[in-house]
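Enquirer: The structure's right below; bear with me while I get my questions together.
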Number of protein chains: 2
Amino acid sequence: MTGVDEPAHRNGRIRDAARTRAEILDVATEEFARSGYAGARVDEIAARTRTTKRMIYYYFGGKEQLFTAVLERAYSVIRQAEQALDVEHLDPVAAIRRLTELTFDHHEAHPDFIRLVSIENIHEAEHIAGSEELGRISSPALEVTGRILQAGRASGLFTAHVDAVDLHALISSFCFFRVANRHTFGVLFGRDLTAADQREHYRNMLGDMVIAYLTADRSAD
Amino acid sequence: MTGVDEPAHRNGRIRDAARTRAEILDVATEEFARSGYAGARVDEIAARTRTTKRMIYYYFGGKEQLFTAVLERAYSVIRQAEQALDVEHLDPVAAIRRLTELTFDHHEAHPDFIRLVSIENIHEAEHIAGSEELGRISSPALEVTGRILQAGRASGLFTAHVDAVDLHALISSFCFFRVANRHTFGVLFGRDLTAADQREHYRNMLGDMVIAYLTADRSAD
DNA sequence: TCAGTAACGTACTAGTTCGTACATTAGTTG
DNA sequence: CAACTAATGTACGAACTAGTACGTTACTGA
């Protein structure tokens with residue numbers, strides 16, 4: 001029985017540019033994340049799609065441009081999720097904790113994305129350099145953070161001298177490290193930072209730390 | 001004029017197994033850090049030493065084993081530096097701040113090491129897996145941290161529920177992220193986390209955060 | 001001093017990998 | 001419905017790359 005929306009042609013060949021493109025991106029994301037940029041094989045990516053290598057060059061031009069496209073899509077997925085953050089009704093401390101937990105959860109849920117970021121940094125961000133698109137989609141998340149910080153300072157609760165970018169770096173650091181470096185950390189220190197039964201522990205730890213930092217007594221300063 | 005300790009042979013060829021081995025490791029460290037495991041070229045490494053590719057296979061057996069040797073040496077260098085930490089005479093808060101700054105400075109000083117760790121995590125630590133040597137040399141640093149934490153808790157200053165491994169992860173996270181992800185972070189948020197004039201700012205920020213976390217008022221718990 | 005061995009160099013190959021020339025077919029539009 | 005174009009498939013090649021077969025030379029110890 002053939003699918004209702006997939007007309008059976010002579011050799012099952014249908015034409016759907018969007019689907020072919022998307023399928024290539026899906027498989028390429030996995031392959032690049034698994035093997036790194038140089039380690040990924042164009043032939044292997046092609047073999048795991050329903051199309052051929054020819055189509056990768058047809059749609060993307062080459063391996064480099066394919067990797068760039070993979071990165072751009074991966075970033076936009078993450079940023080879209082951040083947009084959904086709704087904390088304006090919460091008090092600053094609760095809002096920061098919510099933001100922290102959202103970041104934590106997203107890193108946990110997208111290990112492939114994290115690997116891609118690691119890989120792109122090995123290559124000194126050369127594939128996304130000059131993409132003002134990425135700069136643009138990154139700022140909205142910071143604006144929410146900035147408003148929370150302002151509210152916290154206005155109410156006298158927050159005392160730390162950080163802006164939204166620094167705070168974002170601080171929060172992302174632990175979330176990123178915990179997932180990205182879990183393998184070497186496990187070998188060196190015998191502890192799995194991503195063990196399921198420790199998830200709440202680390203999630204709370206990060207939240208506690210960020211709140212403690214922002215609200216610390218600085219009367220001695 | 002020839003060097004005093006380099007006897008001039010017919011074709012300037014001298015034999016020094018230790019030096020040849022070390023030179024290969026030096027060049028391989030750079031090359032792997034620059035290009036990743038798959039991106040690194042054995043021929044390129046050989047070309048940048050005073051010896052030939054044949055010697056890489058003679059001393060290390062192959063590309064994989066060479067990479068493993070590079071990682072093992074890089075880790076042992078870092079750990080040796082941590083051994084030098086002398087904080088037993090300081091009060092717990094000052095000791096933690098000192099430990100934090102040492103970690104921060106070491107990450108800043110060894111970007112190649114950080115890249116190697118990123119790369120090894122892309123490969124899920126397969127090259128150092130099973131090296132009990134690395135597990136052994138990692139623990140001494142934790143013991144120092146553990147003693148500081150104990151002293152801090154004993155004096156009632158430290159209230160946080162973390163052990164040495166968690167604290168190490170916390171501190172390393174920011175130090176690592178700041179160096180490892182500086183390229184993509186720069187493109188996305190327009191800020192260079194490793195800018196020289198911001199160094200003190202971030203060094204203090206991390207120290208403040210760790211201290212705030214460890215000493216936070218937990219009377220509400 | 002001379003035989004043995006550790007250290008080293010050259011030249012080559014088998015297999016891989018990115019990319020493309022060329023051929024073909026499914027939709028689409030006038 | 002016939003030309004046209006977007007989308008697709010096949011087969012191949014040039015360049016690269018890890019690894020090795022084979023030969024040579026410096027050092028060491030008896």
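Note on naming: chains are A, B, ... as they come in the structure tokens, residues start from 1 per chain, ligands start from 1 in the order shown.
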Using 10 Å as the limit and counting only C-alpha atoms (C1' of nucleotides), can you tabulate each residue of chain A that touches chain C, with its shortest atom-to-atom distance in Å and the two atoms involved, as JSON lines?
Expert:
```
{"residue": "A:His9", "atom": "CA", "partner": "C:DA26", "partner_atom": "C1'", "distance": 9.4}
{"residue": "A:Arg13", "atom": "CA", "partner": "C:DA26", "partner_atom": "C1'", "distance": 8.5}
{"residue": "A:Ile14", "atom": "CA", "partner": "C:DA26", "partner_atom": "C1'", "distance": 7.4}
{"residue": "A:Arg15", "atom": "CA", "partner": "C:DA26", "partner_atom": "C1'", "distance": 6.9}
{"residue": "A:Arg41", "atom": "CA", "partner": "C:DT17", "partner_atom": "C1'", "distance": 7.6}
{"residue": "A:Val42", "atom": "CA", "partner": "C:DC18", "partner_atom": "C1'", "distance": 7.6}
{"residue": "A:Asp43", "atom": "CA", "partner": "C:DT17", "partner_atom": "C1'", "distance": 8.0}
{"residue": "A:Lys53", "atom": "CA", "partner": "C:DG19", "partner_atom": "C1'", "distance": 9.7}
{"residue": "A:Arg54", "atom": "CA", "partner": "C:DT20", "partner_atom": "C1'", "distance": 8.9}
{"residue": "A:Tyr57", "atom": "CA", "partner": "C:DG19", "partner_atom": "C1'", "distance": 8.4}
{"residue": "A:Gly61", "atom": "CA", "partner": "C:DG19", "partner_atom": "C1'", "distance": 9.9}
{"residue": "A:Gly62", "atom": "CA", "partner": "C:DG19", "partner_atom": "C1'", "distance": 8.2}
{"residue": "A:Lys63", "atom": "CA", "partner": "C:DC18", "partner_atom": "C1'", "distance": 8.3}
```
Enquirer: Given the selection you just returned, output its residues as a file containing C-alpha atoms, formatted as a compact mmCIF listing (two decimals), in the first residue's frame.
Expert:
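Resulting contents of out_7.txt:
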```txt
# COMPACT_ATOMS: atom_id res chain seq x y z
CA HIS A 9 5.93 6.89 -10.14
CA ARG A 13 10.73 9.09 -7.90
CA ILE A 14 8.91 12.21 -6.84
CA ARG A 15 9.98 15.81 -6.90
CA ARG A 41 31.80 12.27 4.63
CA VAL A 42 29.70 13.76 1.85
CA ASP A 43 29.17 10.29 0.43
CA LYS A 53 25.30 13.21 -3.59
CA ARG A 54 24.55 15.17 -6.71
CA TYR A 57 25.96 20.00 -4.62
CA GLY A 61 27.13 24.01 -3.54
CA GLY A 62 29.61 22.03 -1.50
CA LYS A 63 30.59 20.59 1.85
```
Enquirer: Tell me, counting only C-alpha atoms, for each residue of chain A within 8 Å of chain B, which pair of atoms is nearest and how far apart they are in Å to one decimal, in rows ordered by chain and increasing number, as JSON lines.
Expert:
```
{"residue": "A:Ala33", "atom": "CA", "partner": "B:Ile122", "partner_atom": "CA", "distance": 7.7}
{"residue": "A:Arg34", "atom": "CA", "partner": "B:Ile122", "partner_atom": "CA", "distance": 7.0}
{"residue": "A:Ser35", "atom": "CA", "partner": "B:Ile122", "partner_atom": "CA", "distance": 7.1}
{"residue": "A:Gly36", "atom": "CA", "partner": "B:Ile122", "partner_atom": "CA", "distance": 7.0}
{"residue": "A:Tyr37", "atom": "CA", "partner": "B:Gly39", "partner_atom": "CA", "distance": 7.9}
{"residue": "A:Ala38", "atom": "CA", "partner": "B:Gly39", "partner_atom": "CA", "distance": 5.0}
{"residue": "A:Gly39", "atom": "CA", "partner": "B:Ala38", "partner_atom": "CA", "distance": 5.0}
{"residue": "A:Arg115", "atom": "CA", "partner": "B:Ile122", "partner_atom": "CA", "distance": 6.5}
{"residue": "A:Val117", "atom": "CA", "partner": "B:Thr184", "partner_atom": "CA", "distance": 7.4}
{"residue": "A:Ser118", "atom": "CA", "partner": "B:Ser118", "partner_atom": "CA", "distance": 6.5}
{"residue": "A:Ile119", "atom": "CA", "partner": "B:Ile119", "partner_atom": "CA", "distance": 7.7}
{"residue": "A:Glu120", "atom": "CA", "partner": "B:Thr184", "partner_atom": "CA", "distance": 7.3}
{"residue": "A:Asn121", "atom": "CA", "partner": "B:Asn181", "partner_atom": "CA", "distance": 5.8}
{"residue": "A:Ile122", "atom": "CA", "partner": "B:Arg115", "partner_atom": "CA", "distance": 6.5}
{"residue": "A:His123", "atom": "CA", "partner": "B:Ser35", "partner_atom": "CA", "distance": 7.3}
{"residue": "A:Glu124", "atom": "CA", "partner": "B:His183", "partner_atom": "CA", "distance": 5.4}
{"residue": "A:Ala125", "atom": "CA", "partner": "B:His183", "partner_atom": "CA", "distance": 5.3}
{"residue": "A:Ile128", "atom": "CA", "partner": "B:Val187", "partner_atom": "CA", "distance": 7.4}
{"residue": "A:Ala129", "atom": "CA", "partner": "B:Val187", "partner_atom": "CA", "distance": 6.2}
{"residue": "A:Gly130", "atom": "CA", "partner": "B:Val187", "partner_atom": "CA", "distance": 7.6}
{"residue": "A:Ser131", "atom": "CA", "partner": "B:Val187", "partner_atom": "CA", "distance": 7.9}
{"residue": "A:Leu134", "atom": "CA", "partner": "B:Leu188", "partner_atom": "CA", "distance": 6.0}
{"residue": "A:Gly135", "atom": "CA", "partner": "B:Leu188", "partner_atom": "CA", "distance": 4.6}
{"residue": "A:Ser138", "atom": "CA", "partner": "B:Leu188", "partner_atom": "CA", "distance": 6.1}
{"residue": "A:Ser139", "atom": "CA", "partner": "B:Phe189", "partner_atom": "CA", "distance": 7.2}
{"residue": "A:Val165", "atom": "CA", "partner": "B:Phe189", "partner_atom": "CA", "distance": 7.2}
{"residue": "A:Ala169", "atom": "CA", "partner": "B:Arg178", "partner_atom": "CA", "distance": 7.8}
{"residue": "A:Leu170", "atom": "CA", "partner": "B:Phe174", "partner_atom": "CA", "distance": 6.4}
{"residue": "A:Ser173", "atom": "CA", "partner": "B:Phe174", "partner_atom": "CA", "distance": 5.0}
{"residue": "A:Phe174", "atom": "CA", "partner": "B:Ser173", "partner_atom": "CA", "distance": 5.0}
{"residue": "A:Phe176", "atom": "CA", "partner": "B:Phe177", "partner_atom": "CA", "distance": 7.6}
{"residue": "A:Phe177", "atom": "CA", "partner": "B:Ser173", "partner_atom": "CA", "distance": 5.3}
{"residue": "A:Arg178", "atom": "CA", "partner": "B:Ser173", "partner_atom": "CA", "distance": 7.6}
{"residue": "A:Ala180", "atom": "CA", "partner": "B:Asn121", "partner_atom": "CA", "distance": 6.7}
{"residue": "A:Asn181", "atom": "CA", "partner": "B:Asn121", "partner_atom": "CA", "distance": 5.8}
{"residue": "A:Arg182", "atom": "CA", "partner": "B:Asn121", "partner_atom": "CA", "distance": 7.5}
{"residue": "A:His183", "atom": "CA", "partner": "B:Glu124", "partner_atom": "CA", "distance": 5.3}
{"residue": "A:Thr184", "atom": "CA", "partner": "B:Ala125", "partner_atom": "CA", "distance": 5.3}
{"residue": "A:Val187", "atom": "CA", "partner": "B:Ala129", "partner_atom": "CA", "distance": 6.2}
{"residue": "A:Leu188", "atom": "CA", "partner": "B:Gly135", "partner_atom": "CA", "distance": 4.6}
{"residue": "A:Phe189", "atom": "CA", "partner": "B:Gly135", "partner_atom": "CA", "distance": 6.3}
{"residue": "A:Gly190", "atom": "CA", "partner": "B:Gly135", "partner_atom": "CA", "distance": 7.6}
{"residue": "A:Asp208", "atom": "CA", "partner": "B:Tyr213", "partner_atom": "CA", "distance": 7.0}
{"residue": "A:Met209", "atom": "CA", "partner": "B:Tyr213", "partner_atom": "CA", "distance": 4.8}
{"residue": "A:Val210", "atom": "CA", "partner": "B:Met209", "partner_atom": "CA", "distance": 7.4}
{"residue": "A:Ala212", "atom": "CA", "partner": "B:Tyr213", "partner_atom": "CA", "distance": 5.2}
{"residue": "A:Tyr213", "atom": "CA", "partner": "B:Met209", "partner_atom": "CA", "distance": 4.8}
{"residue": "A:Ala216", "atom": "CA", "partner": "B:Ala212", "partner_atom": "CA", "distance": 6.0}
```
Enquirer: Against chain A, which residues of chain D fall within 8 Å? For each one I want the closest pair of atoms and the distance in Å (one decimal), counting only C-alpha atoms (C1' of nucleotides), rows by chain and increasing residue number, as a Markdown table.
Expert:
```
| residue | atom | partner | partner_atom | distance |
| --- | --- | --- | --- | --- |
| D:DA7 | C1' | A:Arg15 | CA | 6.5 |
| D:DT8 | C1' | A:Met55 | CA | 7.4 |
| D:DG9 | C1' | A:Thr52 | CA | 7.3 |
```
Enquirer: So the first atom is CA of Ala28 in chain A and the second is CA of Phe67 in chain A; what is the distance between them in Å, to one decimal place?
Expert: 7.6 Å
